[in-house]
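Asks: One structure, as structure tokens, below. Some questions next.
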Amino acid sequence: AASGSNARLDDNDTKEYMDEDGTVTTANPPPSIRLLKRVSISDLVDFFSKEGRQKLIKSFTSTSNLVEPAFEEVVVIWRPLPPKPPQKLQLPDSAYKLAKTQTLESRLPPKQPPSPKPKTPPLEIRAFSQVPMANLLAILPKTKLLFRPTDAILFDLVNVVSLSVILASQKTDSAYLDILALGSISLWIVRTFVKYSNKQARYDLLVNKFLTLRMEHRNQGALEYVSNEAAEQRAMRASLLHEWLIRQQVQQTHSGYDLHLTKCQILRHGCTGVNQVLQQARSTTDTQAQEYEPVYADVDIGTALDDLVDLHLIRFDEEESLVEVKDYNMAEVALQLTWVNLFQKET
């Protein structure tokens, strides 16, 4: 339990906490997801409202805070489609059936054997970091990002002159203006095509640069990275649960009651206790964490409890009551013995 309050465990589903003055309060866990609102330039600058136009000059001289939510880590796993077998040119089956009825099979070319089934391609893994939510589609496989042609068309002086010449030629019906209009339109088409090609090339370069900067690992390296992260999370989960069980044992010793936690109680209240330990550790190490509301982590207590039993850090009796929780010194000795036994089995 967190410092300054004691967690009271019972068989009910309600999670209750006892303060230092003895007041029992029911606490609901904080949300497991913190929502972050996106703030873009369109939210700060508004040309279509009177209030937005009035604040336009002020926005150029003031500091604006833009918020772009991003994923800290994104792991993309997919399997590419197998390559299509090459198509073989041959007569349809109906032609062979008709030739068989007419005894003309010998005059037809022999049937070609079917193409072998293509091999299933291996899995592809990519690990990215700091990916903005707006650019999430860019890291997905086989995603073709299209640059709209209308974004490359700029109504500059050439477009205005071309339009004016076309309208003038239709009004005056002058051959000189017709030739001038044709030349202006040709120049406008060539210029627009060149500008669009350049913008498309710069856009593709920007996308490739984004993928290169955000990609941390790929394939075997990404698999090892994910495995190491999973092992670290598993060890952290078991360590937090062990810490909470030690605190519960210390509280029971100080209270003078010889009550043992049951496995059912640990499974029911362990997630709340682990979050209390986690929030207390964050508040003491990270000063910025106190500025935000706590986030409730959904911890798999059952798996963490099994890991502690396998590591011989806790022990239950036949009635599934917790009878032993090794302290820090004994836990270190038990982990060393586990490592020694593991290496002896491999050798």
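Chain labels A, B, ... are given in the sequence in which chains occur in the structure tokens; within each chain residues are numbered consecutively from 1, and ligands are likewise numbered from 1 in the order shown.
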Write out as a Markdown table a residue-level contact list of stretch 81-138 of chain A versus stretch 47-69 of chain A with cut-off 9 Å: for each qualifying residue the closest pair of atoms and the distance in Å to one decimal, counting only C-alpha atoms, rows sorted by chain and residue number upward.
Replies:
```
| residue | atom | partner | partner_atom | distance |
| --- | --- | --- | --- | --- |
| A:Val131 | CA | A:Pro69 | CA | 8.7 |
| A:Pro132 | CA | A:Pro69 | CA | 5.9 |
| A:Met133 | CA | A:Pro69 | CA | 6.0 |
| A:Ala134 | CA | A:Glu68 | CA | 8.1 |
```
Asks: For A:Phe316, list every protein, DNA or RNA residue within 9 Å, evaluated using only C-alpha atoms, and leave out those in the same chain fewer than 6 positions away; present the list as a PyMOL selection string.
Replies: chain A and resi 262-263+309+322-324
Asks: Counting only C-alpha atoms, which residue out of A:Asp298, A:Pro116, A:Ser255, A:Leu240 sits closest to A:Val274?
Replies: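 For A:Val274, the nearest of the given residues is A:Leu240.
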Asks: Taking the backbone alone, and naming residues the way the document does, which bits of stretch 292-342 of chain A are strand (DSSP E or B) by DSSP, as a PyMOL selection string?
Replies: chain A and resi 314-316+321-325
Asks: Those residues with C-alpha atoms, as a tab-separated table (two decimals), in the first residue's frame please?
Replies:
```
chain	number	residue	atom	x	y	z
A	314	ILE	CA	6.60	-16.94	-2.06
A	315	ARG	CA	4.92	-20.10	-0.88
A	316	PHE	CA	1.30	-21.18	-0.39
A	321	SER	CA	-2.96	-19.30	2.03
A	322	LEU	CA	0.22	-17.28	1.75
A	323	VAL	CA	2.58	-18.62	4.40
A	324	GLU	CA	5.95	-17.25	3.27
A	325	VAL	CA	7.19	-14.12	1.52
```
Asks: Mind checking which residues fall within 8 Å of A:Lys84, counting only C-alpha atoms, ignoring those fewer than 2 positions away in the same chain, and posting them as a PyMOL selection string?
Replies: chain A and resi 82+86+118
Asks: Can you list, as a ChimeraX atom specification, every protein, DNA or RNA residue that comes within 12 Å of A:Thr212 when you count only C-alpha atoms, leaving out same-chain residues fewer than 3 positions away?
Replies: /A:126-129,131,138-139,205-209,215-218
Asks: Restricted to all heavy atoms, what would the selected residues look like written as a short mmCIF file (atom, residue, chain, number, x, y, z; two decimals), in the first residue's frame?
Replies:
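Saved file result-v8.cif follows:
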```cif
data_model
loop_
_atom_site.label_atom_id
_atom_site.label_comp_id
_atom_site.auth_asym_id
_atom_site.auth_seq_id
_atom_site.Cartn_x
_atom_site.Cartn_y
_atom_site.Cartn_z
N ARG A 126 8.89 -4.84 -37.81
CA ARG A 126 9.51 -3.53 -37.74
C ARG A 126 9.14 -2.89 -36.40
O ARG A 126 8.00 -2.99 -35.96
CB ARG A 126 9.02 -2.62 -38.88
CG ARG A 126 9.29 -3.15 -40.27
CD ARG A 126 10.75 -3.09 -40.63
NE ARG A 126 10.95 -3.44 -42.04
CZ ARG A 126 11.10 -4.68 -42.49
NH1 ARG A 126 11.07 -5.69 -41.62
NH2 ARG A 126 11.27 -4.92 -43.77
N ALA A 127 10.10 -2.25 -35.78
CA ALA A 127 9.87 -1.55 -34.52
C ALA A 127 10.17 -0.07 -34.74
O ALA A 127 11.27 0.29 -35.18
CB ALA A 127 10.76 -2.11 -33.40
N PHE A 128 9.16 0.77 -34.48
CA PHE A 128 9.28 2.21 -34.67
C PHE A 128 9.14 2.90 -33.32
O PHE A 128 8.56 2.36 -32.38
CB PHE A 128 8.21 2.73 -35.63
CG PHE A 128 8.25 2.13 -37.00
CD1 PHE A 128 7.56 0.97 -37.28
CD2 PHE A 128 8.99 2.72 -38.00
CE1 PHE A 128 7.59 0.40 -38.54
CE2 PHE A 128 9.03 2.16 -39.27
CZ PHE A 128 8.33 1.00 -39.55
N SER A 129 9.64 4.12 -33.24
CA SER A 129 9.55 4.91 -32.00
C SER A 129 9.11 6.32 -32.34
O SER A 129 9.43 6.85 -33.42
CB SER A 129 10.91 4.94 -31.27
OG SER A 129 11.88 5.59 -32.06
N VAL A 131 6.11 7.78 -33.02
CA VAL A 131 5.33 7.89 -34.26
C VAL A 131 4.10 8.74 -33.98
O VAL A 131 3.25 8.36 -33.17
CB VAL A 131 4.90 6.50 -34.76
CG1 VAL A 131 4.07 6.63 -36.03
CG2 VAL A 131 6.13 5.64 -35.02
N ALA A 138 1.57 5.70 -42.25
CA ALA A 138 2.81 5.69 -43.04
C ALA A 138 3.70 4.51 -42.72
O ALA A 138 4.50 4.09 -43.56
CB ALA A 138 3.58 7.00 -42.83
N ILE A 139 3.61 3.94 -41.51
CA ILE A 139 4.49 2.83 -41.13
C ILE A 139 3.85 1.48 -41.39
O ILE A 139 4.51 0.46 -41.20
CB ILE A 139 4.87 2.94 -39.64
CG1 ILE A 139 3.63 2.77 -38.76
CG2 ILE A 139 5.55 4.26 -39.36
CD1 ILE A 139 3.94 2.74 -37.28
N LEU A 205 10.47 11.58 -50.85
CA LEU A 205 11.70 11.67 -50.08
C LEU A 205 11.41 11.95 -48.61
O LEU A 205 12.05 11.39 -47.72
CB LEU A 205 12.58 12.77 -50.67
CG LEU A 205 13.93 13.02 -49.97
CD1 LEU A 205 14.80 11.77 -50.05
CD2 LEU A 205 14.64 14.22 -50.59
N LEU A 206 10.40 12.78 -48.36
CA LEU A 206 10.02 13.08 -46.97
C LEU A 206 9.48 11.84 -46.26
O LEU A 206 9.80 11.58 -45.10
CB LEU A 206 8.99 14.20 -46.96
CG LEU A 206 8.49 14.64 -45.57
CD1 LEU A 206 9.63 15.21 -44.75
CD2 LEU A 206 7.37 15.67 -45.72
N VAL A 207 8.67 11.04 -46.96
CA VAL A 207 8.12 9.82 -46.37
C VAL A 207 9.23 8.82 -46.06
O VAL A 207 9.28 8.23 -44.97
CB VAL A 207 7.06 9.20 -47.30
CG1 VAL A 207 6.62 7.84 -46.78
CG2 VAL A 207 5.86 10.13 -47.43
N ASN A 208 10.14 8.62 -47.01
CA ASN A 208 11.25 7.68 -46.78
C ASN A 208 12.16 8.16 -45.65
O ASN A 208 12.65 7.35 -44.86
CB ASN A 208 12.05 7.51 -48.07
CG ASN A 208 11.24 6.85 -49.17
OD1 ASN A 208 10.34 6.07 -48.89
ND2 ASN A 208 11.55 7.18 -50.41
N LYS A 209 12.37 9.46 -45.55
CA LYS A 209 13.20 9.99 -44.46
C LYS A 209 12.51 9.78 -43.12
O LYS A 209 13.16 9.44 -42.12
CB LYS A 209 13.46 11.47 -44.70
CG LYS A 209 14.37 12.10 -43.67
CD LYS A 209 14.62 13.57 -43.98
CE LYS A 209 15.52 14.20 -42.92
NZ LYS A 209 15.77 15.65 -43.21
N MET A 215 12.41 4.22 -37.61
CA MET A 215 12.62 2.78 -37.48
C MET A 215 13.82 2.52 -36.57
O MET A 215 14.92 3.01 -36.81
CB MET A 215 12.84 2.14 -38.84
CG MET A 215 12.95 0.62 -38.78
SD MET A 215 13.32 -0.11 -40.40
CE MET A 215 11.92 0.44 -41.35
N GLU A 216 13.57 1.72 -35.53
CA GLU A 216 14.63 1.38 -34.58
C GLU A 216 15.22 -0.01 -34.85
O GLU A 216 16.42 -0.20 -34.75
CB GLU A 216 14.09 1.43 -33.16
CG GLU A 216 13.60 2.81 -32.73
CD GLU A 216 14.73 3.80 -32.54
OE1 GLU A 216 15.88 3.36 -32.38
OE2 GLU A 216 14.45 5.01 -32.55
N HIS A 217 14.36 -0.98 -35.14
CA HIS A 217 14.81 -2.36 -35.35
C HIS A 217 13.97 -2.96 -36.48
O HIS A 217 12.85 -2.52 -36.75
CB HIS A 217 14.66 -3.21 -34.08
CG HIS A 217 15.29 -2.58 -32.87
ND1 HIS A 217 16.63 -2.69 -32.57
CD2 HIS A 217 14.75 -1.84 -31.87
CE1 HIS A 217 16.89 -2.05 -31.46
NE2 HIS A 217 15.76 -1.52 -31.00
N ARG A 218 14.52 -4.03 -37.06
CA ARG A 218 13.80 -4.74 -38.11
C ARG A 218 14.16 -6.21 -38.08
O ARG A 218 15.29 -6.59 -37.76
CB ARG A 218 14.09 -4.15 -39.49
CG ARG A 218 15.54 -4.17 -39.91
CD ARG A 218 15.73 -3.48 -41.25
NE ARG A 218 14.93 -4.11 -42.28
CZ ARG A 218 14.74 -3.59 -43.49
NH1 ARG A 218 15.29 -2.42 -43.78
NH2 ARG A 218 14.01 -4.22 -44.37
#
```
Asks: Using only C-alpha atoms, which of A:His242, A:Arg191, A:Lys119, A:Arg247 sits nearest A:Pro80?
Replies: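 Among A:His242, A:Arg191, A:Lys119, A:Arg247, it is A:Lys119 that comes nearest to A:Pro80.
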Asks: Separation of atom CA of A:Thr120 and atom CA of A:Leu81, in Å?
Replies: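 For atom CA of A:Thr120 relative to atom CA of A:Leu81, the distance reads 7.8 Å.
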Asks: As an exercise, work out the distance from atom CA of A:Gln220 to atom CA of A:Glu124 in Å and give it to one decimal place.
Replies: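 So the answer is 9.0 Å.
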Asks: I want to know what sits within 12 Å of A:Lys111, based on only C-alpha atoms, with residues of the same chain fewer than 6 positions away left out; could you give that as a list of chain:residue names?
Replies: A:Lys88, A:Leu89, A:Gln90, A:Leu91, A:Pro92, A:Asp93, A:Ala95, A:Tyr96, A:Lys97, A:Glu105
Asks: Save out the residues we just selected, N, CA and C atoms, as a PDB file, in the first residue's frame.
Replies:
```pdb
ATOM      1  N   LYS A  88       0.577 -20.012 -67.286  1.00  0.00           N
ATOM      2  CA  LYS A  88       1.003 -20.787 -68.449  1.00  0.00           C
ATOM      3  C   LYS A  88      -0.096 -20.761 -69.503  1.00  0.00           C
ATOM      4  N   LEU A  89       0.333 -20.544 -70.752  1.00  0.00           N
ATOM      5  CA  LEU A  89      -0.608 -20.491 -71.853  1.00  0.00           C
ATOM      6  C   LEU A  89      -0.955 -21.905 -72.293  1.00  0.00           C
ATOM      7  N   GLN A  90      -2.205 -22.255 -72.181  1.00  0.00           N
ATOM      8  CA  GLN A  90      -2.664 -23.561 -72.646  1.00  0.00           C
ATOM      9  C   GLN A  90      -4.153 -23.482 -72.942  1.00  0.00           C
ATOM     10  N   LEU A  91      -4.632 -24.501 -73.658  1.00  0.00           N
ATOM     11  CA  LEU A  91      -6.043 -24.540 -74.028  1.00  0.00           C
ATOM     12  C   LEU A  91      -6.909 -24.795 -72.801  1.00  0.00           C
ATOM     13  N   PRO A  92      -8.138 -24.327 -72.820  1.00  0.00           N
ATOM     14  CA  PRO A  92      -9.026 -24.592 -71.683  1.00  0.00           C
ATOM     15  C   PRO A  92      -9.385 -26.072 -71.592  1.00  0.00           C
ATOM     16  N   ASP A  93      -9.861 -26.484 -70.456  1.00  0.00           N
ATOM     17  CA  ASP A  93     -10.223 -27.886 -70.243  1.00  0.00           C
ATOM     18  C   ASP A  93     -11.376 -28.314 -71.139  1.00  0.00           C
ATOM     19  N   ALA A  95     -11.755 -27.617 -74.189  1.00  0.00           N
ATOM     20  CA  ALA A  95     -11.219 -28.038 -75.502  1.00  0.00           C
ATOM     21  C   ALA A  95     -10.694 -29.467 -75.439  1.00  0.00           C
ATOM     22  N   TYR A  96     -10.046 -29.817 -74.320  1.00  0.00           N
ATOM     23  CA  TYR A  96      -9.554 -31.188 -74.195  1.00  0.00           C
ATOM     24  C   TYR A  96     -10.701 -32.180 -74.051  1.00  0.00           C
ATOM     25  N   LYS A  97     -11.745 -31.817 -73.358  1.00  0.00           N
ATOM     26  CA  LYS A  97     -12.908 -32.710 -73.232  1.00  0.00           C
ATOM     27  C   LYS A  97     -13.584 -32.927 -74.578  1.00  0.00           C
ATOM     28  N   GLU A 105      -7.350 -36.244 -79.311  1.00  0.00           N
ATOM     29  CA  GLU A 105      -6.452 -35.791 -78.238  1.00  0.00           C
ATOM     30  C   GLU A 105      -5.008 -35.705 -78.701  1.00  0.00           C
TER      31      GLU A 105
END
```
Asks: Quick one: everything within 12 Å of A:Gln87, counting only C-alpha atoms, minus sequence neighbours fewer than 5 positions away in the same chain. Send it as a short mmCIF file (atom, residue, chain, number, x, y, z; two decimals) with all heavy atoms, in the first residue's frame.
Replies:
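The result, written out as selection_31.cif:
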```cif
data_model
loop_
_atom_site.label_atom_id
_atom_site.label_comp_id
_atom_site.auth_asym_id
_atom_site.auth_seq_id
_atom_site.Cartn_x
_atom_site.Cartn_y
_atom_site.Cartn_z
N GLN A 112 -0.05 -29.01 -69.51
CA GLN A 112 1.09 -28.68 -68.65
C GLN A 112 0.73 -28.95 -67.20
O GLN A 112 -0.41 -28.73 -66.78
CB GLN A 112 1.47 -27.20 -68.82
CG GLN A 112 1.93 -26.85 -70.23
CD GLN A 112 2.35 -25.41 -70.35
OE1 GLN A 112 2.38 -24.69 -69.36
NE2 GLN A 112 2.69 -24.99 -71.57
N PRO A 113 1.70 -29.44 -66.42
CA PRO A 113 1.41 -29.70 -65.01
C PRO A 113 1.12 -28.40 -64.27
O PRO A 113 1.63 -27.33 -64.65
CB PRO A 113 2.70 -30.36 -64.49
CG PRO A 113 3.77 -29.88 -65.42
CD PRO A 113 3.11 -29.74 -66.77
N PRO A 114 0.32 -28.44 -63.24
CA PRO A 114 0.02 -27.21 -62.49
C PRO A 114 1.26 -26.66 -61.80
O PRO A 114 2.18 -27.40 -61.43
CB PRO A 114 -1.04 -27.67 -61.47
CG PRO A 114 -0.84 -29.14 -61.33
CD PRO A 114 -0.37 -29.62 -62.68
N SER A 115 1.27 -25.38 -61.64
CA SER A 115 2.42 -24.72 -61.00
C SER A 115 2.49 -25.12 -59.53
O SER A 115 1.46 -25.30 -58.88
CB SER A 115 2.30 -23.20 -61.11
OG SER A 115 2.22 -22.81 -62.47
N PRO A 116 3.69 -25.31 -59.01
CA PRO A 116 3.81 -25.67 -57.58
C PRO A 116 3.31 -24.52 -56.69
O PRO A 116 3.38 -23.35 -57.05
CB PRO A 116 5.32 -25.90 -57.39
CG PRO A 116 5.96 -25.12 -58.50
CD PRO A 116 5.00 -25.18 -59.66
#
```
Asks: Using only C-alpha atoms, which residues sit within 12 Å of stretch 337-340 of chain A once same-chain residues fewer than 3 positions away are excluded, as a list of chain:residue names?
Replies: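 That gives A:Leu308, A:Val309, A:Asp310, A:Leu311, A:His312, A:Leu313, A:Met330, A:Ala331, A:Glu332, A:Val333, A:Ala334, A:Phe343, A:Gln344, A:Lys345, A:Glu346, A:Thr347.
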Asks: Please write the residues from the selection above to a file, keeping N, CA and C atoms, as a short mmCIF file (atom, residue, chain, number, x, y, z; two decimals), in the first residue's frame.
Replies:
```cif
data_model
loop_
_atom_site.label_atom_id
_atom_site.label_comp_id
_atom_site.auth_asym_id
_atom_site.auth_seq_id
_atom_site.Cartn_x
_atom_site.Cartn_y
_atom_site.Cartn_z
N LEU A 308 6.39 -15.72 -9.24
CA LEU A 308 6.96 -15.67 -7.89
C LEU A 308 7.02 -17.05 -7.25
N VAL A 309 6.02 -17.87 -7.52
CA VAL A 309 6.04 -19.24 -6.98
C VAL A 309 7.14 -20.05 -7.64
N ASP A 310 7.29 -19.91 -8.96
CA ASP A 310 8.33 -20.65 -9.67
C ASP A 310 9.74 -20.22 -9.24
N LEU A 311 9.88 -18.96 -8.86
CA LEU A 311 11.18 -18.46 -8.40
C LEU A 311 11.42 -18.72 -6.92
N HIS A 312 10.46 -19.35 -6.26
CA HIS A 312 10.57 -19.70 -4.83
C HIS A 312 10.68 -18.46 -3.95
N LEU A 313 10.02 -17.37 -4.36
CA LEU A 313 10.02 -16.16 -3.56
C LEU A 313 8.81 -16.11 -2.62
N MET A 330 16.77 -12.64 1.35
CA MET A 330 16.47 -14.02 1.00
C MET A 330 16.04 -14.15 -0.45
N ALA A 331 15.37 -13.12 -0.97
CA ALA A 331 14.97 -13.16 -2.38
C ALA A 331 16.18 -13.13 -3.29
N GLU A 332 17.20 -12.34 -2.93
CA GLU A 332 18.41 -12.30 -3.74
C GLU A 332 19.11 -13.65 -3.74
N VAL A 333 19.17 -14.33 -2.61
CA VAL A 333 19.78 -15.65 -2.54
C VAL A 333 18.99 -16.65 -3.37
N ALA A 334 17.65 -16.57 -3.30
CA ALA A 334 16.81 -17.50 -4.07
C ALA A 334 16.99 -17.29 -5.57
N PHE A 343 21.68 -22.60 -15.32
CA PHE A 343 22.89 -22.84 -16.08
C PHE A 343 23.35 -24.30 -15.99
N GLN A 344 23.12 -24.93 -14.87
CA GLN A 344 23.50 -26.35 -14.75
C GLN A 344 22.65 -27.23 -15.65
N LYS A 345 21.37 -26.88 -15.81
CA LYS A 345 20.50 -27.66 -16.71
C LYS A 345 20.93 -27.51 -18.16
N GLU A 346 21.39 -26.30 -18.52
CA GLU A 346 21.80 -26.09 -19.93
C GLU A 346 23.11 -26.78 -20.22
N THR A 347 24.01 -26.87 -19.24
CA THR A 347 25.29 -27.53 -19.49
C THR A 347 25.18 -29.03 -19.33
#
```
Asks: What are the DSSP helix (DSSP H, G or I) residues of stretch 36-69 of chain A, as a list in words?
Replies: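 Written out, the helix (DSSP H, G or I) residues of stretch 36-69 of chain A are Ile41, Ser42, Asp43, Leu44, Lys50, Glu51, Gly52, Arg53, Gln54, Leu56, Ile57, Lys58, Ser59, Phe60 and Thr61 of chain A.
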Asks: Go ahead and save the residues from that selection, with N, CA and C atoms, as a PDB file, in the first residue's frame.
Replies:
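Output file result29.pdb is given in full below:
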```pdb
ATOM      1  N   ILE A  41      -2.573  23.851 -35.949  1.00  0.00           N
ATOM      2  CA  ILE A  41      -2.645  25.262 -36.337  1.00  0.00           C
ATOM      3  C   ILE A  41      -4.080  25.664 -36.643  1.00  0.00           C
ATOM      4  N   SER A  42      -4.853  24.749 -37.207  1.00  0.00           N
ATOM      5  CA  SER A  42      -6.255  25.062 -37.517  1.00  0.00           C
ATOM      6  C   SER A  42      -7.070  25.350 -36.254  1.00  0.00           C
ATOM      7  N   ASP A  43      -6.633  24.813 -35.113  1.00  0.00           N
ATOM      8  CA  ASP A  43      -7.336  25.112 -33.862  1.00  0.00           C
ATOM      9  C   ASP A  43      -6.962  26.483 -33.304  1.00  0.00           C
ATOM     10  N   LEU A  44      -5.816  27.005 -33.700  1.00  0.00           N
ATOM     11  CA  LEU A  44      -5.364  28.300 -33.189  1.00  0.00           C
ATOM     12  C   LEU A  44      -5.702  29.456 -34.116  1.00  0.00           C
ATOM     13  N   LYS A  50     -15.461  35.824 -36.594  1.00  0.00           N
ATOM     14  CA  LYS A  50     -15.054  37.180 -36.261  1.00  0.00           C
ATOM     15  C   LYS A  50     -14.030  37.186 -35.134  1.00  0.00           C
ATOM     16  N   GLU A  51     -14.239  36.336 -34.146  1.00  0.00           N
ATOM     17  CA  GLU A  51     -13.303  36.249 -33.032  1.00  0.00           C
ATOM     18  C   GLU A  51     -11.952  35.717 -33.474  1.00  0.00           C
ATOM     19  N   GLY A  52     -11.967  34.747 -34.421  1.00  0.00           N
ATOM     20  CA  GLY A  52     -10.707  34.212 -34.916  1.00  0.00           C
ATOM     21  C   GLY A  52      -9.922  35.230 -35.710  1.00  0.00           C
ATOM     22  N   ARG A  53     -10.593  36.050 -36.505  1.00  0.00           N
ATOM     23  CA  ARG A  53      -9.891  37.095 -37.266  1.00  0.00           C
ATOM     24  C   ARG A  53      -9.346  38.182 -36.350  1.00  0.00           C
ATOM     25  N   GLN A  54     -10.040  38.456 -35.266  1.00  0.00           N
ATOM     26  CA  GLN A  54      -9.540  39.451 -34.329  1.00  0.00           C
ATOM     27  C   GLN A  54      -8.281  38.981 -33.613  1.00  0.00           C
ATOM     28  N   LEU A  56      -6.087  37.015 -34.942  1.00  0.00           N
ATOM     29  CA  LEU A  56      -5.091  36.606 -35.916  1.00  0.00           C
ATOM     30  C   LEU A  56      -3.780  37.353 -35.725  1.00  0.00           C
ATOM     31  N   ILE A  57      -3.861  38.703 -35.545  1.00  0.00           N
ATOM     32  CA  ILE A  57      -2.643  39.489 -35.359  1.00  0.00           C
ATOM     33  C   ILE A  57      -1.954  39.105 -34.054  1.00  0.00           C
ATOM     34  N   LYS A  58      -2.744  38.849 -33.028  1.00  0.00           N
ATOM     35  CA  LYS A  58      -2.172  38.492 -31.738  1.00  0.00           C
ATOM     36  C   LYS A  58      -1.468  37.144 -31.786  1.00  0.00           C
ATOM     37  N   SER A  59      -1.975  36.233 -32.605  1.00  0.00           N
ATOM     38  CA  SER A  59      -1.370  34.902 -32.678  1.00  0.00           C
ATOM     39  C   SER A  59       0.013  34.926 -33.307  1.00  0.00           C
ATOM     40  N   PHE A  60       0.290  35.959 -34.132  1.00  0.00           N
ATOM     41  CA  PHE A  60       1.614  36.044 -34.753  1.00  0.00           C
ATOM     42  C   PHE A  60       2.677  36.497 -33.760  1.00  0.00           C
ATOM     43  N   THR A  61       2.279  37.215 -32.734  1.00  0.00           N
ATOM     44  CA  THR A  61       3.244  37.750 -31.764  1.00  0.00           C
ATOM     45  C   THR A  61       3.272  36.967 -30.455  1.00  0.00           C
TER      46      THR A  61
END
```
